[in-house]
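Coordinates as given in coords.txt (compact mmCIF, C-alpha atoms (C1' of nucleotides)):
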```txt
# COMPACT_ATOMS: atom_id res chain seq x y z
CA MET Y 1 0.00 0.00 0.00
CA LYS Y 2 1.00 3.62 -0.28
CA TRP Y 3 2.94 4.84 2.66
CA PRO Y 4 2.32 8.58 2.35
CA ARG Y 5 4.67 10.87 4.16
CA HIS Y 6 1.85 12.67 5.90
CA VAL Y 7 0.78 9.63 7.85
CA LYS Y 8 4.25 9.00 9.15
CA ARG Y 9 3.72 10.99 12.27
CA PRO Y 10 0.05 11.84 12.48
CA SER Y 11 -0.81 14.93 14.40
CA VAL Y 12 -1.89 13.79 17.80
CA SER Y 13 -4.60 16.40 18.10
CA THR Y 14 -6.14 15.51 14.74
CA PHE Y 15 -6.05 11.87 15.63
CA ARG Y 16 -7.64 12.48 18.98
CA ARG Y 17 -10.52 14.40 17.46
CA GLN Y 18 -11.16 11.69 14.92
CA ILE Y 19 -11.26 8.66 17.19
CA ARG Y 20 -12.74 10.13 20.36
CA GLY Y 21 -15.90 8.29 21.36
CA ARG Y 22 -15.46 5.50 18.86
CA THR Y 23 -15.90 1.87 19.78
CA VAL Y 24 -13.45 -0.89 19.07
CA THR Y 25 -15.60 -3.49 17.35
CA ASP Y 26 -12.96 -6.06 16.48
CA VAL Y 27 -9.26 -6.72 16.15
CA LEU Y 28 -8.11 -8.23 12.86
CA ARG Y 29 -4.92 -8.87 10.94
CA ARG Y 30 -3.97 -8.75 7.27
CA GLY Y 31 -0.38 -9.54 6.42
CA LYS Y 32 1.73 -7.69 8.96
CA PHE Y 33 -0.91 -5.04 9.58
CA ILE Y 34 -3.07 -5.02 12.70
CA LEU Y 35 -6.56 -3.74 11.91
CA ILE Y 36 -8.80 -2.27 14.59
CA PRO Y 37 -12.22 -1.32 13.23
CA LEU Y 38 -13.65 1.75 14.97
CA ASP Y 39 -17.26 2.04 13.87
CA GLU Y 40 -16.92 3.62 10.41
CA GLN Y 41 -13.13 3.81 10.23
CA VAL Y 42 -10.27 1.45 10.84
CA LEU Y 43 -7.16 2.03 12.90
CA VAL Y 44 -4.22 0.40 11.16
CA ILE Y 45 -1.04 -0.38 13.03
CA HIS Y 46 2.23 -1.77 11.73
CA LEU Y 47 4.67 -2.76 14.48
CA MET Y 48 7.67 -3.13 12.17
CA MET Y 49 10.43 -4.80 14.22
CA SER Y 50 10.56 -2.89 17.47
CA GLY Y 51 6.91 -2.04 17.97
CA ASP Y 52 4.74 -3.53 20.67
CA LEU Y 53 1.13 -3.10 21.78
CA HIS Y 54 -0.02 -3.66 25.31
CA MET Y 55 -2.81 -2.69 27.68
CA GLN Y 56 -1.92 -0.72 30.78
CA GLU Y 57 -3.92 0.92 33.52
CA SER Y 58 -3.73 4.65 32.99
CA THR Y 59 -2.21 5.12 36.43
CA ASN Y 60 0.89 3.21 35.37
CA PRO Y 61 3.73 5.56 34.47
CA ARG Y 62 4.36 5.98 30.80
CA GLY Y 63 7.32 4.04 29.51
CA LYS Y 64 10.20 5.66 27.69
CA PHE Y 65 9.22 4.23 24.30
CA GLU Y 66 5.44 4.42 24.63
CA HIS Y 67 4.98 7.09 21.99
CA THR Y 68 1.27 6.58 21.29
CA VAL Y 69 -1.45 5.99 23.86
CA PHE Y 70 -5.13 5.25 23.27
CA GLU Y 71 -7.40 5.92 26.23
CA PHE Y 72 -10.40 3.74 27.00
CA GLU Y 73 -13.37 4.75 29.13
CA SER Y 74 -12.56 1.91 31.52
CA GLY Y 75 -9.39 3.66 32.60
CA TRP Y 76 -7.18 1.30 30.66
CA GLN Y 77 -4.90 2.38 27.85
CA LEU Y 78 -3.68 0.70 24.70
CA ARG Y 79 -0.06 1.74 24.43
CA PHE Y 80 2.08 1.55 21.33
CA SER Y 81 5.69 1.21 22.36
CA ASP Y 82 8.34 1.54 19.67
CA SER Y 83 11.94 2.16 20.58
CA ARG Y 84 13.09 2.64 16.99
CA LYS Y 85 10.10 4.60 15.79
CA PHE Y 86 9.77 2.54 12.65
CA GLY Y 87 6.21 1.53 13.33
CA ARG Y 88 3.21 3.23 11.77
CA VAL Y 89 -0.25 4.17 12.95
CA MET Y 90 -2.87 5.17 10.40
CA LEU Y 91 -6.55 5.89 10.39
CA LEU Y 92 -8.25 4.77 7.18
CA LYS Y 93 -11.80 4.83 5.84
CA ASP Y 94 -11.67 1.10 5.16
CA VAL Y 95 -9.17 -1.66 4.70
CA SER Y 96 -9.43 -1.95 0.93
CA GLU Y 97 -6.32 0.14 0.30
CA ILE Y 98 -4.28 -2.27 2.39
CA ASP Y 99 -6.12 -5.37 1.35
CA ASN Y 100 -5.72 -4.69 -2.36
CA SER Y 101 -2.01 -4.04 -2.09
CA LEU Y 102 -1.17 -7.31 -0.38
CA GLY Y 103 -0.70 -10.79 -1.78
CA PRO Y 104 -2.54 -13.83 -0.44
CA GLU Y 105 -2.36 -15.03 3.14
CA PRO Y 106 0.04 -17.97 3.17
CA LEU Y 107 -1.81 -19.80 5.93
CA ALA Y 108 -5.23 -19.48 4.31
CA ASP Y 109 -6.92 -22.63 3.00
CA ASP Y 110 -6.88 -21.35 -0.57
CA PHE Y 111 -3.13 -20.76 -0.56
CA ASP Y 112 -2.17 -23.98 -2.30
CA PRO Y 113 0.93 -24.99 -4.30
CA ARG Y 114 -0.86 -24.05 -7.51
CA LEU Y 115 -1.40 -20.46 -6.35
CA LEU Y 116 2.19 -20.20 -5.13
CA GLY Y 117 3.36 -21.56 -8.47
CA GLU Y 118 1.36 -18.94 -10.34
CA ILE Y 119 3.00 -16.17 -8.36
CA LEU Y 120 6.48 -17.59 -8.76
CA LEU Y 121 6.24 -18.28 -12.48
CA LYS Y 122 4.58 -14.97 -13.31
CA HIS Y 123 7.72 -13.13 -12.23
CA LYS Y 124 11.39 -13.53 -13.00
CA ARG Y 125 12.73 -12.56 -9.64
CA LEU Y 126 15.17 -13.85 -7.09
CA LEU Y 127 13.38 -16.04 -4.58
CA LYS Y 128 14.45 -14.10 -1.52
CA PRO Y 129 13.21 -10.63 -2.53
CA LEU Y 130 10.08 -12.06 -4.12
CA LEU Y 131 9.09 -13.84 -0.93
CA MET Y 132 9.86 -10.72 1.11
CA ASP Y 133 7.62 -8.63 -1.15
CA GLN Y 134 4.25 -8.15 0.56
CA HIS Y 135 2.58 -7.61 -2.81
CA MET Y 136 3.44 -11.19 -3.73
CA ILE Y 137 2.65 -13.01 -0.48
CA ALA Y 138 1.57 -11.21 2.68
CA GLY Y 139 3.28 -11.64 6.01
CA LEU Y 140 6.68 -13.15 5.36
CA GLY Y 141 9.63 -11.27 6.85
CA ASN Y 142 13.35 -11.88 6.74
CA ILE Y 143 13.35 -14.63 9.37
CA TYR Y 144 10.50 -16.63 7.87
CA VAL Y 145 11.83 -16.43 4.32
CA ASP Y 146 15.25 -17.74 5.33
CA GLU Y 147 13.63 -20.52 7.37
CA ALA Y 148 11.18 -21.43 4.60
CA LEU Y 149 13.92 -21.59 1.95
CA HIS Y 150 16.01 -23.86 4.14
CA ARG Y 151 13.08 -26.20 4.74
CA ALA Y 152 12.48 -26.27 0.99
CA LYS Y 153 16.20 -26.79 0.24
CA LEU Y 154 16.14 -23.84 -2.14
CA HIS Y 155 18.93 -21.30 -2.59
CA PRO Y 156 17.81 -17.70 -1.94
CA LEU Y 157 19.30 -16.58 -5.28
CA ARG Y 158 17.30 -19.06 -7.36
CA HIS Y 159 15.06 -17.37 -9.92
CA SER Y 160 11.36 -17.69 -9.18
CA ASP Y 161 10.51 -18.93 -12.68
CA SER Y 162 13.09 -21.72 -12.54
CA LEU Y 163 11.32 -23.88 -9.97
CA ASN Y 164 9.81 -27.20 -10.95
CA ALA Y 165 6.58 -28.58 -9.49
CA GLY Y 166 8.37 -30.50 -6.76
CA GLU Y 167 10.32 -27.44 -5.66
CA ILE Y 168 7.18 -25.31 -5.61
CA LYS Y 169 5.44 -27.86 -3.43
CA ALA Y 170 8.47 -27.96 -1.12
CA LEU Y 171 8.52 -24.18 -0.85
CA TRP Y 172 4.80 -24.10 -0.15
CA LYS Y 173 5.32 -26.58 2.64
CA GLY Y 174 8.39 -24.69 3.91
CA ILE Y 175 6.53 -21.38 4.07
CA ARG Y 176 3.62 -22.84 6.00
CA ARG Y 177 5.76 -24.90 8.34
CA SER Y 178 8.05 -22.02 9.25
CA LEU Y 179 5.07 -19.73 9.94
CA GLN Y 180 3.40 -22.44 12.00
CA ALA Y 181 6.62 -22.97 13.95
CA GLY Y 182 6.78 -19.23 14.65
CA LEU Y 183 3.19 -19.25 15.88
CA ARG Y 184 3.79 -22.32 18.01
CA HIS Y 185 6.67 -20.53 19.74
CA ASN Y 186 4.78 -17.23 20.07
CA GLY Y 187 7.09 -15.51 17.61
CA ALA Y 188 10.68 -14.45 17.98
CA SER Y 189 12.19 -12.01 20.45
CA ILE Y 190 15.28 -10.73 18.73
CA ASP Y 191 17.52 -7.88 19.72
CA TRP Y 192 16.49 -6.84 23.17
CA VAL Y 193 12.87 -6.37 22.10
CA TYR Y 194 11.20 -9.01 24.21
CA ARG Y 195 7.73 -10.00 23.13
CA GLY Y 196 7.44 -13.26 25.01
CA GLY Y 197 8.21 -15.63 22.17
CA ASP Y 198 11.10 -18.06 21.93
CA PHE Y 199 11.11 -18.89 18.23
CA GLN Y 200 14.65 -17.47 18.12
CA ASN Y 201 15.77 -20.63 19.94
CA HIS Y 202 14.43 -22.76 17.13
CA PHE Y 203 15.86 -21.03 14.07
CA ARG Y 204 17.34 -23.45 11.56
CA VAL Y 205 19.49 -20.90 9.71
CA TYR Y 206 18.47 -17.34 10.55
CA GLY Y 207 21.19 -15.54 12.53
CA ARG Y 208 23.20 -18.77 12.79
CA LYS Y 209 26.15 -17.91 10.57
CA GLY Y 210 28.98 -20.38 11.13
CA GLU Y 211 26.85 -22.72 13.19
CA PRO Y 212 26.03 -26.23 11.93
CA CYS Y 213 23.06 -26.84 9.66
CA PRO Y 214 20.50 -28.86 11.63
CA VAL Y 215 20.17 -31.23 8.68
CA CYS Y 216 23.72 -31.83 7.46
CA ALA Y 217 25.98 -29.97 9.95
CA THR Y 218 27.58 -27.79 7.25
CA ALA Y 219 28.37 -24.29 8.55
CA ILE Y 220 25.57 -21.84 7.81
CA VAL Y 221 26.56 -19.02 5.45
CA ARG Y 222 25.40 -15.41 5.52
CA ILE Y 223 25.17 -13.31 2.38
CA VAL Y 224 23.36 -10.08 1.56
CA VAL Y 225 20.47 -10.22 -0.90
CA GLY Y 226 18.41 -7.14 -1.61
CA GLN Y 227 20.08 -5.33 1.30
CA ARG Y 228 18.95 -8.05 3.69
CA GLY Y 229 21.04 -10.47 5.68
CA THR Y 230 20.32 -13.90 4.20
CA HIS Y 231 21.22 -17.18 5.85
CA PHE Y 232 21.37 -20.57 4.21
CA CYS Y 233 23.10 -23.94 4.17
CA PRO Y 234 25.46 -24.18 1.18
CA THR Y 235 25.08 -27.97 1.13
CA CYS Y 236 21.30 -28.32 1.44
CA GLN Y 237 20.47 -25.25 -0.63
CA VAL Y 238 22.47 -25.50 -3.82
CA GLU Y 239 22.26 -22.61 -6.27
CA GLU Y 240 23.15 -24.40 -9.50
CA HIS Y 241 21.60 -27.72 -10.30
CA ALA Y 242 23.81 -30.14 -12.18
CA GLN Y 243 22.65 -30.47 -15.76
CA SER Y 244 21.70 -34.01 -16.67
C1' DA V 1 9.84 -5.63 -14.91
C1' DG V 2 12.99 -6.07 -11.51
C1' DC V 3 17.09 -4.82 -9.31
C1' DG V 4 20.09 -1.80 -6.39
C1' DT V 5 20.23 2.03 -3.43
C1' DC V 6 18.63 5.13 -0.18
C1' DA V 7 15.91 7.03 3.64
C1' DC V 8 13.74 6.34 7.80
C1' DC V 9 15.35 5.29 13.29
C1' DC V 10 18.03 4.30 17.28
C1' DG V 11 19.79 0.90 20.97
C1' DG V 12 23.41 -1.84 21.22
C1' DA V 13 27.52 -4.07 19.64
C1' DC V 14 31.94 -3.32 18.33
C1' DG V 15 36.52 -1.06 17.57
C1' DC V 16 39.90 1.97 19.10
C1' DT O 1 35.75 4.45 30.49
C1' DG O 2 34.38 6.97 26.50
C1' DC O 3 33.83 7.99 22.22
C1' DG O 4 32.77 7.10 17.19
C1' DT O 5 30.96 3.95 13.83
C1' DC O 6 28.18 0.43 12.09
C1' DC O 7 24.28 -2.71 12.01
C1' DG O 8 19.52 -4.47 11.28
C1' DG O 9 14.66 -4.65 10.76
C1' DG O 10 10.20 -3.48 6.81
C1' DT O 11 8.69 -0.43 3.50
C1' DG O 12 8.34 2.91 -0.23
C1' DA O 13 10.56 6.00 -3.48
C1' DC O 14 13.66 6.48 -6.98
C1' DG O 15 17.06 5.66 -10.75
C1' DC O 16 18.65 2.52 -14.02
```
For the file at hand, write its structure as structure tokens.
Amino acid sequence: MKWPRHVKRPSVSTFRRQIRGRTVTDVLRRGKFILIPLDEQVLVIHLMMSGDLHMQESTNPRGKFEHTVFEFESGWQLRFSDSRKFGRVMLLKDVSEIDNSLGPEPLADDFDPRLLGEILLKHKRLLKPLLMDQHMIAGLGNIYVDEALHRAKLHPLRHSDSLNAGEIKALWKGIRRSLQAGLRHNGASIDWVYRGGDFQNHFRVYGRKGEPCPVCATAIVRIVVGQRGTHFCPTCQVEEHAQS
DNA sequence: AGCGTCACCCGGACGC
DNA sequence: TGCGTCCGGGTGACGC
């Protein structure tokens, strides 16, 4: 979706006027966006990497990084804490702008190998940046892409239109399994940003440069692809397939 | 079309 | 110890 400059740091007073008296009717998610419908509008929050949402009683002192606070009539507050200020808060008329700009949900029932194959073959892109691109598939970040590619035994620099049916199926499985593993472990708490999860203790390749591959014990390699640290096993994830 | 690069941001890790 | 520098995360804009 568009990420207009003017929503980067919304004026607090404008915001306050617009959402005062509204009722939270639901809490939803689409891709990495948290959607909070407020009667006619929708509050959209992106945590990026260092953002965190939590409920606090209003009497609790405000934390150093709690830049945005939503007051409830009950006396509780929804606080958006974000030490690196990368997160975004937007108020939109409806979710269509976000919805239309995102690819399919990889854990949805209709995300099958055929749909993944269509996306991959329609573009001639490197696997890593394609999978990171929210317009292609919604919700995969750097960790999950590295983990999914390792599960699928695919090199991050493979071209998306070079995969055969078996590889597409393996990638489909890898994407879903790595997301499910993340969910099972309540997500990852990397850096010092603690969110309660322990998925970081179960990474197969991400952030494990030099450590043994859990499958074959080869040292994990780190390269940079599309400006992103990219981790893979040079034995399991071969770039060039021998011609036969 | 797709890639590389940059900007955004800042706590912490690292080097001297 | 204290300072300076670099890093990394997700996204959009931009140039090629």
Q | Sphere at (22.2, -1.8, 11.6), radius 12 Å, counting all atoms listed in the file: residues as an MDAnalysis selection string | A | (chainID Y and resid 84 191 227:229) or (chainID V and resid 9:14) or (chainID O and resid 5:9)
Show me the residues close to (13.9, -2.9, 0.4) - anything with an atom within 9 Å, counting only C-alpha atoms (C1' of nucleotides) - and format the list as an mmCIF file with C-alpha atoms (C1' of nucleotides), in the frame of the given file.
```cif
data_model
loop_
_atom_site.group_PDB
_atom_site.id
_atom_site.type_symbol
_atom_site.label_atom_id
_atom_site.label_comp_id
_atom_site.auth_asym_id
_atom_site.auth_seq_id
_atom_site.Cartn_x
_atom_site.Cartn_y
_atom_site.Cartn_z
ATOM 1 C CA PRO Y 129 13.210 -10.630 -2.530
ATOM 2 C CA MET Y 132 9.860 -10.720 1.110
ATOM 3 C CA ASP Y 133 7.620 -8.630 -1.150
ATOM 4 C CA GLY Y 226 18.410 -7.140 -1.610
ATOM 5 C CA GLN Y 227 20.080 -5.330 1.300
ATOM 6 C CA ARG Y 228 18.950 -8.050 3.690
ATOM 7 C "C1'" DT V 5 20.230 2.030 -3.430
ATOM 8 C "C1'" DG O 10 10.200 -3.480 6.810
ATOM 9 C "C1'" DT O 11 8.690 -0.430 3.500
ATOM 10 C "C1'" DG O 12 8.340 2.910 -0.230
#
```
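From CA of Gln56 in chain Y back to CA of Glu40 in chain Y, the distance works out to 25.7 Å.
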Q: Tell me, in Å to one decimal, how far CA of Gly141 in chain Y is from CA of Pro106 in chain Y.
A: 12.3 Å
**Q.** Computed interatomic separation between CA of Thr59 in chain Y and CA of Phe15 in chain Y (Å)
**A.**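 Between CA of Thr59 in chain Y and CA of Phe15 in chain Y the gap works out to 22.2 Å.
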Q: Please identify all polymer residues within 10 Å of Arg114 in chain Y, counting all atoms listed in the file, omitting same-chain residues fewer than 6 positions from it, and present them as number ranges by chain.
A: Y: 120, 165, 168-169, 172
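Here the question is which of Y:Leu116, Y:Ile36, Y:Leu47, Y:Leu130 gets nearest to Asp94 in chain Y using all atoms listed in the file, and that residue is Y:Ile36.
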Q: Return the neighbours of chain V among the residues of chain Y, cut-off 7 Å, counting all atoms listed in the file, as a PyMOL selection string.
A: chain Y and resi 84-86+125
**Q.** Who sits within 12 Å of Lys64 in chain Y, only C-alpha atoms (C1' of nucleotides), same chain under 4 positions skipped, as JSON, numbers by chain
**A.** {"Y": [68, 79, 80, 81, 82, 83, 84, 85]}
With 8 Å added on each side, what axis-aligned box encloses every listed atom of range 40-59 of chain Y? Give the centre and edge lengths in Å to one decimal, as lines of an AutoDock Vina configuration file.
```
center_x = -3.2
center_y = 0.2
center_z = 23.3
size_x = 43.5
size_y = 25.9
size_z = 42.2
```
Q | Given only C-alpha atoms (C1' of nucleotides) as the counted atoms, nearest of Y:Ile143, Y:Leu28, Y:Ala181, Y:Gly63 to chain O | A | Y:Ile143
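Among the candidate residues Y:Leu154, Y:Cys233, Y:Met49, Y:Ala170, the one lying nearest to chain O is Y:Met49, with distances computed using all atoms listed in the file.
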Q: Identify which of the residues Y:Arg88, Y:Arg17, Y:Lys122, Y:Arg151 lies closest to chain O, counting all atoms listed in the file when measuring atom-to-atom distances.
A: Y:Arg88
Q.
Between Y:Val224, Y:Leu149, Y:Ile19, Y:Val27, which residue has the minimum interatomic distance to chain O, considering only C-alpha atoms (C1' of nucleotides)?
A.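 Counting only C-alpha atoms (C1' of nucleotides), the residue closest to chain O is Y:Val224.
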Q: Have a look at Y:Pro37, Y:Gly87, Y:Pro234, Y:Pro212 and name the one nearest to Pro156 in chain Y; count all atoms listed in the file.
A: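 Comparing Y:Pro37, Y:Gly87, Y:Pro234, Y:Pro212 against Pro156 in chain Y, the winner is Y:Pro234.
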